[in-house]
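*Asks:* Next up is a structure, given as structure tokens.
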Amino acid sequence: MKLPVFTCLLYLLPVLCLGQVADPVLDSLKRPLPNGATVRQQVERIEAILWLIFQREEFSFEQYPKQLDSIYSNYIKGENKDRAFEKRVAAEVAFFNGSAILFDDPEVAKPLLESAIQQFSALGDSASMVHGYVQMCTIASVIGDSLLFASNKDKVMNLLHHVKDTYSKASTLNNIGICGYDFGMYADAVANYFEALRLIEKEPRKEMQEYFTNIYHNIAGVYNRLDDVENALIYAQKAIAATENTIIDPSEIYPMLGWIYVKKQDYQKALEAFSNAGITPNHVYGSMLLARKNHGLATCYRNLGEIEKALPLAQSAVMLSPISTNVHYGSAAMQELAACEFAVGRVDDALDHAILAFQSFIEAKNNRGAHES
């Protein structure tokens, strides 16, 4: 019996997705305002927190979108004489409410972000429109809609010149590259990664040095996907080296090394890499990072003949990264579960899960080249 097997899927990283233990600027912003602070002062504090969290792409939005929504609804909407201020806050409420649930409930996040983009457009805020379109590209990647990605990616690139901050521009290029990768647009993804690198090298501020790790990591993923394992290994090692003198934990690059060794069919080295992978506690992408680790471990144990260890790890990966919240990685985890179930003789379950994974890839218009093996 043949089960559909999908070529190895890698979990690429948004800028600064790699773990950091704290951010002193964010910690400072979170300190409560003194008693008697005005509504505008409260709003401006929450705005600063939310935009920094959005830029860092690592920390959870926590309760701040709801706080901004509450202040807007109770004290600003229809009550403020400054109409420009009111409209700006309304747009941000939609944007951050959508961004906060983007990975957990992309279908609900989508209309919120579409509304935010329309409101930013009415305000003439093209830079914020870019951020909205990038979030729409991410939704397209999560739900597997290549047409939605293509239309929003073009809007990002057409308006990108309005983003003046180098930090934000490099982040945008990196994230668009990740979404392109998800739809098999590898040349386009690499072009965006290298353009982001060019921007970083042009303006080597200390806080931007951590970009190197993330982008090298993502370039390694493209090379590995194209079966160029030697260049993949070179860039993975560059990513690890780039963590020096930063607060990024180099062990968070190890899953990429693991997938490279899987491609080389060196499952023992891959197992060591996945086993030693670090995951920052309370990381905003914590579930996804743990899913990729468990998925990798399951793949290694299965190929090393230790199926009793592989099966529960594959089940965990499917639970942590379900198809409903991320079609690409959820389908890959489901396919690994099917392979493990087949190995233990649970043929009916294996077939059901393999078909589900295959159908999800097809319905998501995924261009990763599924094939039978």
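Letters A, B, ... go to the chains of the structure tokens in the order shown; residues in each chain start at 1; ligands are counted from 1 in the same order.
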Using 8 Å as the limit and counting only C-alpha atoms, can you tabulate each residue of region 153-257 of chain A that touches region 127-136 of chain A, with its shortest atom-to-atom distance in Å and the two atoms involved, as CSV?

*Replies:*
```
residue,atom,partner,partner_atom,distance
A:Lys153,CA,A:Tyr133,CA,7.1
A:Lys155,CA,A:Tyr133,CA,6.9
A:Val156,CA,A:Val130,CA,5.3
A:Leu159,CA,A:Val130,CA,6.4
A:Leu160,CA,A:Val130,CA,6.6
A:His162,CA,A:Ala127,CA,5.3
A:Val163,CA,A:Ala127,CA,5.0
A:Thr172,CA,A:Val134,CA,7.0
A:Asn175,CA,A:Val134,CA,7.4
A:Ile176,CA,A:Val134,CA,6.9
```

*Asks:* Which of region 97-205 of chain A counts as helix (DSSP H, G or I) under DSSP, as a VMD selection string please?

*Replies:* chain A and resid 97 to 100 106 to 122 126 to 143 146 to 162 166 to 182 186 to 202

*Asks:* For Ala187 (chain A), which residue among A:Ala170, A:Ala91, A:Ile101, A:Leu226 is the nearest when counting only C-alpha atoms?

*Replies:*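 Ranked by minimum distance to Ala187 (chain A), first place goes to A:Leu226.
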
*Asks:* Compare A:Leu148, A:Cys340, A:Leu304, A:Ile253 by their minimum atom-to-atom distance to Tyr235 (chain A), counting only C-alpha atoms, and give me the closest one.

*Replies:*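 Using only C-alpha atoms, the shortest distance to Tyr235 (chain A) belongs to A:Ile253.
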
*Asks:* Could you give me, as number ranges by chain, the residues within 9 Å of region 334-337 of chain A, counting only C-alpha atoms and dropping anything in the same chain fewer than 6 positions from it?

*Replies:* A: 3-6, 295, 298-299, 310-315, 317-318, 322-323, 350, 353-358

*Asks:* Let me make sure I understand: among A:Trp51, A:Tyr193, A:Phe61, A:Phe212, which one has the smallest atom-to-atom distance to Ile178 (chain A) if we use only C-alpha atoms?

*Replies:*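 Of the candidates, the smallest distance to Ile178 (chain A) is held by A:Tyr193.
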
*Asks:* Given only C-alpha atoms as the basis, pick out the residue of A:Ser360, A:Thr213, A:Thr38, A:Ser73 nearest to Ala90 (chain A).

*Replies:*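 Among A:Ser360, A:Thr213, A:Thr38, A:Ser73, it is A:Ser73 that comes nearest to Ala90 (chain A).
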
*Asks:* Just the number, please: distance in Å from CA of Arg292 (chain A) to CA of Asn174 (chain A), one decimal.

*Replies:*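 Spanning CA of Arg292 (chain A) to CA of Asn174 (chain A) is a straight-line distance of 19.9 Å.
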
*Asks:* Each residue of region 230-337 of chain A lying at most 12 Å from region 106-123 of chain A should get a row with its shortest atom-to-atom pair and the distance in Å to one decimal, counting only C-alpha atoms; could you produce that, ordered by chain and increasing number, as JSON lines?

*Replies:*
```
{"residue": "A:Ile323", "atom": "CA", "partner": "A:Pro106", "partner_atom": "CA", "distance": 11.9}
{"residue": "A:Ser324", "atom": "CA", "partner": "A:Pro106", "partner_atom": "CA", "distance": 9.1}
{"residue": "A:Thr325", "atom": "CA", "partner": "A:Pro106", "partner_atom": "CA", "distance": 7.1}
{"residue": "A:Asn326", "atom": "CA", "partner": "A:Pro106", "partner_atom": "CA", "distance": 9.1}
{"residue": "A:Val327", "atom": "CA", "partner": "A:Pro106", "partner_atom": "CA", "distance": 11.1}
```

*Asks:* Choose the residue, out of A:Met319, A:Leu351, A:Leu26, A:Ala150, that has the smallest atom-to-atom separation from Gln55 (chain A); count only C-alpha atoms.

*Replies:*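 For Gln55 (chain A), the nearest of the given residues is A:Leu26.
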
*Asks:* Taking into account only C-alpha atoms, which residue in the set A:Tyr75, A:Phe96, A:Tyr223, A:Phe85 is nearest to Glu62 (chain A)?

*Replies:*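 Of the candidates, the smallest distance to Glu62 (chain A) is held by A:Phe96.
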
*Asks:* Any idea what the distance is between CA of His328 (chain A) and CA of Met288 (chain A)?

*Replies:*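 Interatomic distance, CA of His328 (chain A) to CA of Met288 (chain A): 11.9 Å.
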